[in-house]
$ cat my_file21.cif   # mmCIF, C-alpha atoms and all ligand atoms
data_target
#
loop_
_atom_site.label_atom_id
_atom_site.label_comp_id
_atom_site.auth_asym_id
_atom_site.auth_seq_id
_atom_site.Cartn_x
_atom_site.Cartn_y
_atom_site.Cartn_z
CA MET A 6 63.41 62.67 50.15
CA ASN A 7 61.82 64.06 53.29
CA TYR A 8 58.18 62.95 53.53
CA ASN A 9 57.50 64.84 56.73
CA LYS A 10 55.77 67.91 55.34
CA LYS A 11 53.65 70.64 56.89
CA THR A 12 49.93 70.31 56.33
CA VAL A 13 46.97 72.69 56.36
CA LYS A 14 46.66 71.92 60.08
CA ASP A 15 50.06 73.47 60.74
CA MET A 16 48.96 76.84 59.32
CA ASP A 17 46.57 79.53 60.44
CA VAL A 18 44.33 79.81 57.40
CA LYS A 19 41.60 82.04 58.83
CA GLY A 20 40.98 85.03 56.59
CA LYS A 21 43.66 83.85 54.16
CA LYS A 22 43.29 83.33 50.43
CA VAL A 23 44.42 79.81 49.68
CA LEU A 24 45.49 78.64 46.23
CA LEU A 25 44.52 74.96 46.34
CA ARG A 26 45.92 72.65 43.65
CA CYS A 27 43.48 69.77 43.18
CA ASP A 28 43.45 66.84 40.81
CA PHE A 29 40.19 67.46 38.97
CA ASN A 30 41.38 65.62 35.87
CA VAL A 31 38.18 63.57 35.80
CA PRO A 32 37.00 61.35 32.95
CA MET A 33 34.37 63.03 30.76
CA ALA A 34 31.83 61.52 28.38
CA LYS A 35 33.33 61.31 24.88
CA ASP A 36 30.31 63.00 23.26
CA GLY A 37 31.28 66.48 24.49
CA SER A 38 28.14 66.72 26.63
CA GLY A 39 30.19 67.77 29.66
CA VAL A 40 29.03 64.77 31.68
CA ILE A 41 31.57 63.61 34.27
CA THR A 42 31.64 59.81 34.13
CA ASP A 43 33.48 59.32 37.44
CA ASP A 44 33.61 62.05 40.11
CA LYS A 45 35.86 60.13 42.52
CA ARG A 46 38.64 62.72 42.27
CA ILE A 47 36.28 65.59 43.05
CA ARG A 48 34.94 63.74 46.09
CA ALA A 49 38.48 62.97 47.22
CA ALA A 50 39.24 66.70 47.36
CA LEU A 51 36.25 67.52 49.59
CA PRO A 52 37.84 66.99 53.05
CA THR A 53 40.60 69.54 52.42
CA ILE A 54 38.23 72.02 50.74
CA GLN A 55 35.66 71.70 53.52
CA TYR A 56 38.32 72.10 56.20
CA LEU A 57 39.67 75.28 54.61
CA LEU A 58 36.19 76.79 54.21
CA ASP A 59 35.20 75.84 57.77
CA GLN A 60 38.38 77.51 59.05
CA GLY A 61 37.41 80.76 57.34
CA ALA A 62 39.75 80.62 54.37
CA ALA A 63 38.81 81.79 50.87
CA VAL A 64 39.65 78.96 48.47
CA ILE A 65 41.00 79.50 44.95
CA ALA A 66 40.97 75.98 43.55
CA CYS A 67 42.86 75.01 40.41
CA SER A 68 43.60 71.90 38.37
CA HIS A 69 44.59 70.70 34.94
CA MET A 70 42.39 68.55 32.73
CA GLY A 71 43.62 66.55 29.78
CA LYS A 72 46.27 67.90 27.46
CA PRO A 73 45.14 71.18 25.84
CA LYS A 74 48.84 72.02 25.24
CA GLY A 75 48.65 75.69 26.14
CA GLU A 76 45.51 76.44 24.13
CA VAL A 77 41.98 77.14 25.27
CA LYS A 78 39.99 74.03 24.36
CA PRO A 79 36.35 74.41 25.41
CA GLU A 80 35.89 70.63 25.69
CA LEU A 81 38.59 70.64 28.39
CA SER A 82 37.04 73.47 30.41
CA LEU A 83 36.69 72.89 34.14
CA LYS A 84 33.15 74.35 34.11
CA PRO A 85 31.49 70.92 34.53
CA VAL A 86 33.76 70.32 37.52
CA ALA A 87 32.60 73.58 39.13
CA VAL A 88 28.98 72.46 38.70
CA ARG A 89 29.62 69.04 40.26
CA LEU A 90 31.75 70.51 43.05
CA ALA A 91 28.98 72.96 43.91
CA GLN A 92 26.50 70.06 44.15
CA LEU A 93 28.81 68.08 46.42
CA LEU A 94 29.65 71.04 48.67
CA GLY A 95 26.11 72.37 48.70
CA LYS A 96 27.38 75.86 48.00
CA GLU A 97 28.20 78.18 45.12
CA VAL A 98 31.48 77.62 43.27
CA ILE A 99 32.49 80.77 41.40
CA MET A 100 33.94 79.82 38.00
CA ALA A 101 36.70 81.95 36.51
CA GLU A 102 36.86 82.37 32.74
CA ASP A 103 40.66 82.15 32.72
CA VAL A 104 43.65 81.02 34.81
CA VAL A 105 45.49 84.24 35.64
CA GLY A 106 43.68 86.64 33.30
CA PRO A 107 41.53 89.64 34.25
CA ASP A 108 38.48 87.55 35.17
CA ALA A 109 40.40 85.24 37.53
CA GLN A 110 42.23 88.22 39.08
CA ALA A 111 39.03 90.19 39.66
CA LYS A 112 37.12 87.23 41.11
CA ALA A 113 40.06 86.28 43.35
CA ALA A 114 40.35 89.84 44.63
CA ALA A 115 36.64 89.90 45.52
CA LEU A 116 36.60 86.44 47.12
CA GLN A 117 35.46 86.40 50.75
CA PRO A 118 36.32 84.00 53.61
CA GLY A 119 34.18 80.85 53.31
CA GLN A 120 33.81 81.27 49.54
CA ILE A 121 35.33 79.08 46.85
CA MET A 122 36.21 79.77 43.24
CA LEU A 123 37.73 77.58 40.53
CA LEU A 124 40.29 78.76 38.00
CA GLU A 125 40.13 77.49 34.42
CA ASN A 126 42.23 74.50 33.29
CA THR A 127 45.81 75.42 34.23
CA ARG A 128 47.05 73.82 31.01
CA PHE A 129 45.19 76.46 28.96
CA GLU A 130 48.32 78.49 29.85
CA LYS A 131 51.44 77.65 27.83
CA GLY A 132 53.64 78.25 30.86
CA GLU A 133 52.00 75.55 33.01
CA THR A 134 53.86 72.47 31.83
CA LYS A 135 57.05 74.50 31.32
CA ASN A 136 56.94 75.60 34.94
CA ASP A 137 57.18 79.20 33.77
CA PRO A 138 58.06 81.44 36.73
CA GLU A 139 55.93 84.31 35.37
CA LEU A 140 52.84 82.10 35.37
CA ALA A 141 53.67 80.73 38.82
CA LYS A 142 54.13 84.27 40.12
CA ALA A 143 50.81 85.38 38.62
CA MET A 144 48.97 82.45 40.21
CA ALA A 145 50.68 83.04 43.53
CA SER A 146 49.83 86.76 43.45
CA MET A 147 46.14 85.96 43.94
CA ALA A 148 46.71 84.11 47.25
CA ASP A 149 48.46 84.15 50.62
CA LEU A 150 49.10 80.43 50.94
CA TYR A 151 49.53 77.44 48.61
CA VAL A 152 48.03 74.08 49.49
CA SER A 153 48.71 71.10 47.27
CA ASP A 154 46.32 68.17 47.33
CA ALA A 155 46.85 66.88 43.80
CA PHE A 156 48.86 63.74 44.49
CA GLY A 157 48.17 62.55 40.94
CA ALA A 158 50.28 65.45 39.65
CA VAL A 159 53.14 65.68 42.18
CA HIS A 160 55.56 63.87 39.89
CA ARG A 161 55.36 66.83 37.51
CA ALA A 162 57.28 70.05 38.04
CA HIS A 163 54.65 72.38 36.60
CA ALA A 164 53.79 75.97 37.51
CA SER A 165 50.70 74.99 39.52
CA THR A 166 52.20 71.85 41.10
CA ALA A 167 55.60 73.13 42.15
CA GLY A 168 56.49 76.57 40.71
CA VAL A 169 54.03 78.52 42.86
CA ALA A 170 55.80 77.27 45.98
CA ASP A 171 58.66 79.64 45.13
CA TYR A 172 56.34 82.56 45.84
CA LEU A 173 54.04 81.33 48.63
CA PRO A 174 54.33 79.28 51.80
CA ALA A 175 53.39 75.76 50.64
CA VAL A 176 51.83 72.90 52.60
CA SER A 177 49.93 69.70 51.84
CA GLY A 178 46.23 68.94 52.04
CA PHE A 179 44.86 65.75 53.58
CA LEU A 180 45.12 63.61 50.43
CA ILE A 181 48.83 64.15 49.97
CA GLN A 182 49.38 63.90 53.70
CA LYS A 183 47.95 60.38 53.71
CA GLU A 184 49.93 59.31 50.65
CA LEU A 185 53.13 60.52 52.31
CA GLU A 186 52.33 58.90 55.63
CA VAL A 187 51.35 55.50 54.27
CA ILE A 188 53.55 55.03 51.20
CA GLY A 189 56.41 57.14 52.55
CA GLY A 190 56.21 55.24 55.83
CA ALA A 191 56.27 51.87 54.08
CA LEU A 192 59.31 52.85 52.03
CA ALA A 193 61.28 54.53 54.78
CA ASN A 194 60.46 52.41 57.80
CA PRO A 195 58.23 49.44 56.89
CA LYS A 196 56.57 47.11 59.31
CA ARG A 197 58.29 43.85 58.32
CA PRO A 198 58.24 41.54 56.59
CA LEU A 199 57.69 43.84 53.62
CA VAL A 200 56.26 41.96 50.66
CA ALA A 201 56.15 43.67 47.24
CA ILE A 202 53.84 42.22 44.63
CA LEU A 203 54.74 43.39 41.15
CA GLY A 204 52.75 42.60 38.04
CA GLY A 205 51.21 44.39 35.10
CA SER A 206 52.15 44.14 31.51
CA LYS A 207 55.79 45.08 31.03
CA VAL A 208 59.08 44.67 32.85
CA SER A 209 60.38 47.76 31.08
CA SER A 210 57.80 50.02 32.74
CA LYS A 211 58.54 48.63 36.19
CA ILE A 212 62.33 48.59 36.27
CA GLY A 213 62.59 51.57 38.59
CA VAL A 214 60.09 50.03 40.98
CA ILE A 215 61.79 46.62 40.98
CA ASN A 216 65.20 48.21 41.52
CA ASN A 217 64.05 50.32 44.43
CA LEU A 218 61.98 47.62 46.12
CA LEU A 219 64.85 45.12 45.83
CA GLU A 220 66.69 47.41 48.23
CA ILE A 221 63.97 47.45 50.88
CA ALA A 222 61.61 44.47 50.54
CA ASP A 223 61.98 41.08 52.23
CA THR A 224 60.01 39.28 49.52
CA ILE A 225 59.28 40.22 45.92
CA ILE A 226 56.50 38.48 44.04
CA ILE A 227 56.38 38.68 40.25
CA GLY A 228 53.16 38.16 38.30
CA GLY A 229 51.32 39.51 35.28
CA GLY A 230 52.73 39.78 31.79
CA MET A 231 56.22 40.66 32.99
CA ALA A 232 56.64 37.18 34.49
CA TYR A 233 57.08 35.70 31.00
CA THR A 234 60.21 37.72 30.38
CA PHE A 235 61.65 36.22 33.57
CA SER A 236 60.52 32.76 32.45
CA ALA A 237 62.02 33.10 28.96
CA ALA A 238 65.24 34.41 30.49
CA GLN A 239 65.51 31.15 32.42
CA GLY A 240 65.01 29.12 29.24
CA GLY A 241 61.27 28.60 29.60
CA LYS A 242 58.87 28.33 26.67
CA VAL A 243 56.40 31.22 26.72
CA GLY A 244 54.52 30.71 23.44
CA ASP A 245 52.82 33.93 22.34
CA SER A 246 52.87 35.48 25.82
CA LEU A 247 53.96 39.07 26.36
CA LEU A 248 57.72 39.01 26.06
CA GLU A 249 60.33 41.73 26.13
CA ALA A 250 63.35 39.86 24.83
CA ASP A 251 65.58 42.91 25.31
CA TRP A 252 64.95 42.71 29.03
CA GLU A 253 65.78 39.04 29.60
CA GLU A 254 69.31 39.82 30.75
CA TYR A 255 67.95 42.39 33.16
CA ALA A 256 65.49 39.83 34.52
CA ASN A 257 68.32 37.39 35.21
CA ASP A 258 70.34 40.15 36.87
CA MET A 259 67.40 40.87 39.17
CA VAL A 260 67.13 37.21 40.16
CA LYS A 261 70.85 37.17 40.93
CA LYS A 262 70.71 40.45 42.83
CA ALA A 263 67.82 39.17 44.95
CA GLN A 264 69.84 36.07 45.84
CA GLU A 265 72.85 38.18 46.82
CA LYS A 266 70.72 40.43 48.99
CA GLY A 267 68.80 37.61 50.62
CA VAL A 268 65.53 38.90 49.19
CA LYS A 269 63.06 36.12 48.47
CA LEU A 270 61.98 36.44 44.82
CA LEU A 271 58.94 34.41 43.84
CA LEU A 272 58.11 33.63 40.22
CA PRO A 273 54.99 31.83 38.92
CA VAL A 274 55.13 28.05 39.01
CA ASP A 275 52.13 27.63 36.71
CA THR A 276 50.11 29.76 34.34
CA VAL A 277 46.68 29.96 32.76
CA CYS A 278 47.24 30.21 29.04
CA ALA A 279 44.76 30.92 26.28
CA ASP A 280 44.60 30.25 22.56
CA ALA A 281 43.84 33.93 21.88
CA PHE A 282 43.83 37.33 23.60
CA ALA A 283 40.06 37.35 24.08
CA PRO A 284 37.59 37.16 26.96
CA ASP A 285 36.13 33.86 25.69
CA ALA A 286 39.40 32.25 24.56
CA LYS A 287 39.94 28.53 25.18
CA SER A 288 42.25 28.12 28.20
CA GLN A 289 44.34 25.56 30.04
CA VAL A 290 46.69 25.47 33.02
CA VAL A 291 50.30 24.53 32.30
CA ALA A 292 53.54 24.57 34.29
CA ALA A 293 55.54 27.80 34.05
CA GLY A 294 57.93 27.70 31.11
CA GLU A 295 55.88 25.09 29.29
CA ILE A 296 53.43 27.22 27.32
CA PRO A 297 52.72 25.51 23.99
CA ASP A 298 53.25 27.32 20.69
CA GLY A 299 50.22 29.37 19.72
CA TRP A 300 49.15 29.87 23.36
CA GLN A 301 49.68 32.89 25.61
CA GLY A 302 49.77 33.26 29.39
CA LEU A 303 46.99 35.55 30.62
CA ASP A 304 46.91 34.78 34.36
CA ILE A 305 48.83 33.05 37.13
CA GLY A 306 47.77 29.44 37.77
CA PRO A 307 46.22 27.84 40.88
CA ALA A 308 49.54 26.59 42.38
CA THR A 309 51.01 30.08 41.98
CA ILE A 310 47.92 31.60 43.60
CA LYS A 311 48.47 29.38 46.65
CA LEU A 312 52.19 30.20 46.79
CA TYR A 313 51.56 33.95 46.57
CA CYS A 314 48.67 34.02 49.02
CA ASP A 315 50.76 32.08 51.57
CA ALA A 316 53.58 34.59 51.10
CA VAL A 317 51.41 37.57 52.06
CA ALA A 318 49.64 35.85 54.97
CA ASP A 319 52.20 36.82 57.63
CA ALA A 320 53.43 40.04 56.02
CA GLY A 321 53.73 43.25 58.04
CA THR A 322 53.38 45.42 54.96
CA VAL A 323 52.33 44.60 51.40
CA ILE A 324 52.94 46.97 48.50
CA TRP A 325 51.11 45.88 45.37
CA ASN A 326 51.65 47.31 41.91
CA GLY A 327 50.45 45.60 38.78
CA PRO A 328 47.64 43.06 38.23
CA MET A 329 48.49 39.33 38.15
CA GLY A 330 46.75 38.79 34.83
CA VAL A 331 44.40 40.29 32.29
CA PHE A 332 41.83 41.10 34.96
CA GLU A 333 39.70 43.01 32.43
CA PHE A 334 38.58 39.57 31.16
CA PRO A 335 36.67 37.83 34.02
CA ALA A 336 38.03 34.43 32.95
CA PHE A 337 41.58 35.68 33.57
CA ALA A 338 40.92 37.77 36.69
CA LYS A 339 41.21 34.88 39.17
CA GLY A 340 44.86 35.45 40.08
CA THR A 341 44.33 39.16 40.66
CA GLU A 342 41.16 38.49 42.63
CA ALA A 343 42.81 35.81 44.81
CA VAL A 344 45.66 38.17 45.69
CA ALA A 345 43.18 40.97 46.45
CA GLU A 346 41.24 38.62 48.70
CA ALA A 347 44.41 37.47 50.47
CA LEU A 348 45.34 41.10 51.11
CA SER A 349 41.88 41.81 52.46
CA LYS A 350 42.41 39.05 55.05
CA THR A 351 45.90 39.89 56.31
CA SER A 352 46.54 42.15 59.25
CA ALA A 353 49.32 43.74 57.19
CA ILE A 354 49.38 47.34 56.06
CA THR A 355 48.21 47.00 52.45
CA ILE A 356 49.09 49.59 49.84
CA ILE A 357 47.90 49.60 46.25
CA GLY A 358 49.75 51.78 43.74
CA GLY A 359 49.33 52.12 39.99
CA GLY A 360 46.27 53.14 38.00
CA ASP A 361 45.25 49.71 36.71
CA SER A 362 45.94 48.01 40.04
CA ALA A 363 43.70 50.50 41.83
CA ALA A 364 41.02 49.97 39.18
CA ALA A 365 41.31 46.17 39.55
CA VAL A 366 40.92 46.27 43.32
CA GLN A 367 37.94 48.60 42.99
CA GLN A 368 36.31 46.58 40.22
CA LEU A 369 36.72 43.34 42.18
CA GLY A 370 35.12 44.88 45.26
CA TYR A 371 38.07 44.90 47.70
CA ALA A 372 38.74 48.64 47.81
CA ASP A 373 37.46 49.27 51.32
CA LYS A 374 39.50 46.37 52.72
CA MET A 375 42.86 47.94 51.85
CA THR A 376 44.83 50.29 54.09
CA HIS A 377 45.51 52.64 51.22
CA ILE A 378 44.79 52.88 47.53
CA SER A 379 46.93 55.58 46.03
CA THR A 380 45.09 58.37 44.21
CA GLY A 381 47.99 58.86 41.81
CA GLY A 382 48.84 56.33 39.10
CA GLY A 383 52.07 57.66 37.63
CA ALA A 384 52.87 59.57 40.81
CA SER A 385 52.60 56.46 42.98
CA LEU A 386 54.91 54.57 40.61
CA GLU A 387 57.55 57.28 40.79
CA PHE A 388 57.10 57.37 44.56
CA MET A 389 57.75 53.61 44.72
CA GLU A 390 60.77 54.09 42.46
CA GLY A 391 62.21 56.24 45.22
CA LYS A 392 62.30 59.29 42.93
CA GLU A 393 62.03 62.80 44.26
CA LEU A 394 58.54 64.16 43.60
CA PRO A 395 58.75 67.88 42.71
CA GLY A 396 55.25 68.59 44.02
CA VAL A 397 56.20 67.15 47.41
CA ALA A 398 59.78 68.41 47.61
CA CYS A 399 58.51 72.01 47.23
CA LEU A 400 56.36 71.82 50.40
CA LEU A 401 57.60 73.14 53.74
CA ASP A 402 59.26 70.58 56.01
CA LYS A 403 57.72 70.04 59.44
P1 LIG A 501 49.46 49.64 36.87
O1 LIG A 501 48.67 50.64 36.07
O2 LIG A 501 48.75 49.19 38.09
O3 LIG A 501 50.86 50.12 37.15
P2 LIG A 501 50.22 48.21 34.49
O4 LIG A 501 49.79 49.37 33.68
O5 LIG A 501 51.67 47.91 34.57
O6 LIG A 501 49.61 48.32 35.96
O7 LIG A 501 49.56 46.86 33.92
C1 LIG A 501 48.19 46.67 33.81
C2 LIG A 501 47.84 45.88 32.61
O8 LIG A 501 48.61 44.69 32.54
C3 LIG A 501 46.40 45.44 32.61
O9 LIG A 501 45.71 46.12 31.59
C4 LIG A 501 46.46 43.94 32.37
O10 LIG A 501 45.50 43.48 31.44
C5 LIG A 501 47.84 43.75 31.82
N1 LIG A 501 48.33 42.37 32.03
C6 LIG A 501 48.50 41.73 33.19
N2 LIG A 501 48.88 40.46 32.97
C7 LIG A 501 48.98 40.30 31.63
C8 LIG A 501 49.33 39.22 30.78
N3 LIG A 501 49.67 38.03 31.28
N4 LIG A 501 49.31 39.42 29.45
C9 LIG A 501 48.95 40.63 28.93
N5 LIG A 501 48.63 41.69 29.69
C10 LIG A 501 48.64 41.53 31.02
MG MG A 502 48.76 51.17 33.99
#
$ encode --input "my_file21.cif" --output "C-alpha cells"
Amino acid sequence: MNYNKKTVKDMDVKGKKVLLRCDFNVPMAKDGSGVITDDKRIRAALPTIQYLLDQGAAVIACSHMGKPKGEVKPELSLKPVAVRLAQLLGKEVIMAEDVVGPDAQAKAAALQPGQIMLLENTRFEKGETKNDPELAKAMASMADLYVSDAFGAVHRAHASTAGVADYLPAVSGFLIQKELEVIGGALANPKRPLVAILGGSKVSSKIGVINNLLEIADTIIIGGGMAYTFSAAQGGKVGDSLLEADWEEYANDMVKKAQEKGVKLLLPVDTVCADAFAPDAKSQVVAAGEIPDGWQGLDIGPATIKLYCDAVADAGTVIWNGPMGVFEFPAFAKGTEAVAEALSKTSAITIIGGGDSAAAVQQLGYADKMTHISTGGGASLEFMEGKELPGVACLLDK
C-alpha cells in the first residue's frame, strides 16, 4: 500500500467547502446526561480543523458515534460533541439535525468561509456501514473537497470513510498524515534494528500482526497472556493461565519460522503468577513453564523484564502492541511499566499501537515520552498487519 498521500497542505482550500471526516466517537457518561467523559479525540482533531478555518475554508465535519445501526438514536447524537468542539475552538459550531437530509443540506449551502458545522451521526443513515454510493454521493454533494482525519475508522470501507472519495478529491488531515509517516515509515523502511513487542491477551487476535512483523522485524518479543500458549506449545506447565490450545501448533510454527528467517524471538523466562484473577491475589514468581496447578500467570517476571529491556536498549525502532500483563491491576502492571520506562529512555523511534496498549502507556504516565501513540486501536492493528486500509487507499497519492 502506498502511504505517501496528499494532505490538506497540498490543496488550495480557500473558499472551498470541505467535508471533514473526524473520529468523534468519544466515550459518554452511561447515564444519558450527554457528558463526554474523555474529549481526547475532539482535541486531536483541532489542528486540522483550525488549519482549514484559518485558510478560509468552510468546514462540514462528520463522524460516527457508537452503533445506532442505521436508526436515529438520540443518545448517540453528536450534539454534545458540537457543544464541546465549540468550547475548544472558541467559536460557534452549527449543528445539523440530520446527515444528508434537508437540514444538513440547507445549513451546508449557507455555510460561509471560516465557519464550521457538524453533521449528525453518520451511522444514523443505513447506507453508512454498507458504503452505499447514494449516501456517499449525497454527502459529497455538499462539499468541494474531502479531508479524512479519522484514523480510528480508516480500516472500515464506509460511505463517510471511503465512499465519498469516489465523488470528491480526497486528502488526509494532519492526524492521518502522522500515522502514515510514523507507522508507515516503520513498516516500509524502518530504522534498524526493528524490535516488535507483542503482548495482550490472545494469540488468535494477533496472528496477522505476528505474521507481518516476522517479515520485517529483527527481534520479536512476546509477552502478556499470549506467551502462555507459546509456553504450553513447548511443553511448559501453565496452570490456569490464559491458554488457546488450538493455537499451540501455530505458536511452534512461528518459533520455527523466526529461526529460519534469523529473527530473534524472545519468550518470557519467568512469570508472576497469582492464585486468582484479582487485584489483591496472592502472587509468586516462578520460572516460565513451571506454573503450579491452580495458579495463573498475570505478568512477566523480573528476569524477563531485564531481558526485554536490554533488547530494546539499542533498537532503532520499537513497535509495541499489547501489554505485558494485566496492567489494570497495579500489582501486575510492573512488566508493562518497565517496558514503557525502557522505551522512554531509548533513542529509538517508539510506536504504540492498539487501544489497550495506548491506554496503558497513558495510565502509567509515559505518553509524552513516546514518538507516536496511534489514535486508532483496530486501525493501527490492521495497519501493522500490513492490510490495505480503505480509508487511506482512497486518498490521492502525492
Ligand atoms: P491492545 O488493545 O493494545 O491490542 P489487547 O486487547 O490484545 O491489547 O490486550 C490487552 C489486554 O490483555 C489487557 O486488558 C490485559 O489485561 C490483558 N492481558 C495481558 N496479559 C495478560 C495475562 N497474562 N492474563 C490475562 N490477561 C492479560
Ligand atoms: Mg484491546
$ residues_around --input "my_file21.cif" --residues "Val77 (chain A)" --least-positions-apart "4" --cutoff "12 Å" --atoms "all atoms listed in the file" --output "mmCIF file with C-alpha atoms, keeping the file's coordinate frame"
data_model
loop_
_atom_site.group_PDB
_atom_site.id
_atom_site.type_symbol
_atom_site.label_atom_id
_atom_site.label_comp_id
_atom_site.auth_asym_id
_atom_site.auth_seq_id
_atom_site.Cartn_x
_atom_site.Cartn_y
_atom_site.Cartn_z
ATOM 1 C CA HIS A 69 44.590 70.700 34.940
ATOM 2 C CA MET A 70 42.390 68.550 32.730
ATOM 3 C CA GLY A 71 43.620 66.550 29.780
ATOM 4 C CA LYS A 72 46.270 67.900 27.460
ATOM 5 C CA PRO A 73 45.140 71.180 25.840
ATOM 6 C CA LEU A 81 38.590 70.640 28.390
ATOM 7 C CA SER A 82 37.040 73.470 30.410
ATOM 8 C CA LEU A 83 36.690 72.890 34.140
ATOM 9 C CA GLU A 102 36.860 82.370 32.740
ATOM 10 C CA ASP A 103 40.660 82.150 32.720
ATOM 11 C CA VAL A 104 43.650 81.020 34.810
ATOM 12 C CA GLU A 125 40.130 77.490 34.420
ATOM 13 C CA ASN A 126 42.230 74.500 33.290
ATOM 14 C CA THR A 127 45.810 75.420 34.230
ATOM 15 C CA ARG A 128 47.050 73.820 31.010
ATOM 16 C CA PHE A 129 45.190 76.460 28.960
ATOM 17 C CA GLU A 130 48.320 78.490 29.850
ATOM 18 C CA LYS A 131 51.440 77.650 27.830
#
$ closest_atom_pairs --input "my_file21.cif" --of "chain A" --to "ligand MG 502 (chain A)" --cutoff "8 Å" --atoms "all atoms listed in the file" --output "JSON lines"
{"residue": "A:Gly205", "atom": "CA", "partner": "A:MG502", "partner_atom": "MG", "distance": 7.3}
{"residue": "A:Gly327", "atom": "CA", "partner": "A:MG502", "partner_atom": "MG", "distance": 7.5}
{"residue": "A:Gly359", "atom": "CA", "partner": "A:MG502", "partner_atom": "MG", "distance": 6.1}
{"residue": "A:Gly360", "atom": "CA", "partner": "A:MG502", "partner_atom": "MG", "distance": 5.1}
{"residue": "A:Asp361", "atom": "CA", "partner": "A:MG502", "partner_atom": "MG", "distance": 4.7}
{"residue": "A:Ser362", "atom": "CA", "partner": "A:MG502", "partner_atom": "MG", "distance": 7.4}
{"residue": "A:Gly382", "atom": "CA", "partner": "A:MG502", "partner_atom": "MG", "distance": 7.3}
$ axis_aligned_box --input "my_file21.cif" --around "ligand LIG 501 (chain A)" --padding-each-side "8 Å" --output "AutoDock Vina command-line options"
--center_x 48.6 --center_y 44.3 --center_z 33.5 --size_x 22.2 --size_y 28.6 --size_z 25.2
$ closest_residue --input "my_file21.cif" --among "A:Glu253, A:Glu390, A:Glu333, A:Asp149" --to "ligand LIG 501 (chain A)" --atoms "only C-alpha atoms and all ligand atoms"
A:Glu333
$ residues_near_ligand --input "my_file21.cif" --ligand "ligand LIG 501 (chain A)" --cutoff "7 Å" --atoms "only C-alpha atoms and all ligand atoms" --output "list of chain:residue names"
A:Gly204, A:Gly205, A:Ser206, A:Lys207, A:Ser210, A:Gly229, A:Gly230, A:Ser246, A:Leu247, A:Gly302, A:Leu303, A:Asp304, A:Asn326, A:Gly327, A:Pro328, A:Met329, A:Gly330, A:Val331, A:Phe332, A:Glu333, A:Gly358, A:Gly359, A:Gly360, A:Asp361, A:Ser362, A:Ala363, A:Gly382, A:Leu386
$ closest_residue --input "my_file21.cif" --among "A:Ala222, A:Glu387, A:Glu254, A:Leu348" --to "Ala237 (chain A)" --atoms "all atoms listed in the file"
A:Glu254
$ atom_distance --input "my_file21.cif" --atom1 "CA of Ile121 (chain A)" --atom2 "CA of Ala87 (chain A)"
9.9 Å
$ residues_around --input "my_file21.cif" --residues "Val88 (chain A)" --least-positions-apart "3" --cutoff "9 Å" --atoms "all atoms listed in the file" --output "PyMOL selection string"
chain A and resi 83-85+91-93+97-98+100
$ residues_around --input "my_file21.cif" --residues "Phe235 (chain A)" --least-positions-apart "4" --cutoff "12 Å" --atoms "all atoms listed in the file" --output "ChimeraX atom specification"
/A:204,207-209,226-231,239-243,246-261,270-274,293-294
$ atom_distance --input "my_file21.cif" --atom1 "CA of Gly61 (chain A)" --atom2 "CA of Gly20 (chain A)"
5.6 Å
$ closest_residue --input "my_file21.cif" --among "A:Thr309, A:Pro198, A:Asp285, A:Leu57" --to "Ala232 (chain A)" --atoms "all atoms listed in the file"
A:Thr309
$ residues_around --input "my_file21.cif" --residues "region 105-115 of chain A" --least-positions-apart "6" --cutoff "10 Å" --atoms "only C-alpha atoms" --output "list of chain:residue names"
A:Lys22, A:Leu24, A:Ala63, A:Val64, A:Ile65, A:Ile99, A:Ile121, A:Met122, A:Leu123, A:Leu124, A:Glu125, A:Thr127, A:Glu130, A:Leu140, A:Ala141, A:Lys142, A:Ala143, A:Met144, A:Ala145, A:Ser146, A:Met147, A:Ala148
$ atom_distance --input "my_file21.cif" --atom1 "CA of Asp17 (chain A)" --atom2 "CA of Phe156 (chain A)"
22.6 Å
$ closest_residue --input "my_file21.cif" --among "A:Asn9, A:Gln301, A:Thr276, A:Asn194" --to "Leu400 (chain A)" --atoms "only C-alpha atoms"
A:Asn9
$ residues_around --input "my_file21.cif" --residues "Gly157 (chain A)" --least-positions-apart "2" --cutoff "12 Å" --atoms "all atoms listed in the file" --output "compact mmCIF listing (two decimals) with C-alpha atoms, in the coordinates of the input"
# COMPACT_ATOMS: atom_id res chain seq x y z
CA ARG A 26 45.92 72.65 43.65
CA CYS A 27 43.48 69.77 43.18
CA ASP A 28 43.45 66.84 40.81
CA PHE A 29 40.19 67.46 38.97
CA ASN A 30 41.38 65.62 35.87
CA VAL A 31 38.18 63.57 35.80
CA ARG A 46 38.64 62.72 42.27
CA ALA A 49 38.48 62.97 47.22
CA ALA A 50 39.24 66.70 47.36
CA SER A 68 43.60 71.90 38.37
CA HIS A 69 44.59 70.70 34.94
CA MET A 70 42.39 68.55 32.73
CA SER A 153 48.71 71.10 47.27
CA ASP A 154 46.32 68.17 47.33
CA ALA A 155 46.85 66.88 43.80
CA VAL A 159 53.14 65.68 42.18
CA HIS A 160 55.56 63.87 39.89
CA ARG A 161 55.36 66.83 37.51
CA THR A 166 52.20 71.85 41.10
CA LEU A 180 45.12 63.61 50.43
CA ILE A 181 48.83 64.15 49.97
CA GLU A 184 49.93 59.31 50.65
CA GLY A 358 49.75 51.78 43.74
CA GLY A 359 49.33 52.12 39.99
CA GLY A 360 46.27 53.14 38.00
CA SER A 379 46.93 55.58 46.03
CA THR A 380 45.09 58.37 44.21
CA GLY A 381 47.99 58.86 41.81
CA GLY A 382 48.84 56.33 39.10
CA GLY A 383 52.07 57.66 37.63
CA ALA A 384 52.87 59.57 40.81
CA SER A 385 52.60 56.46 42.98
CA LEU A 386 54.91 54.57 40.61
CA GLU A 387 57.55 57.28 40.79
CA PHE A 388 57.10 57.37 44.56
CA LEU A 394 58.54 64.16 43.60
CA PRO A 395 58.75 67.88 42.71
CA GLY A 396 55.25 68.59 44.02
CA VAL A 397 56.20 67.15 47.41
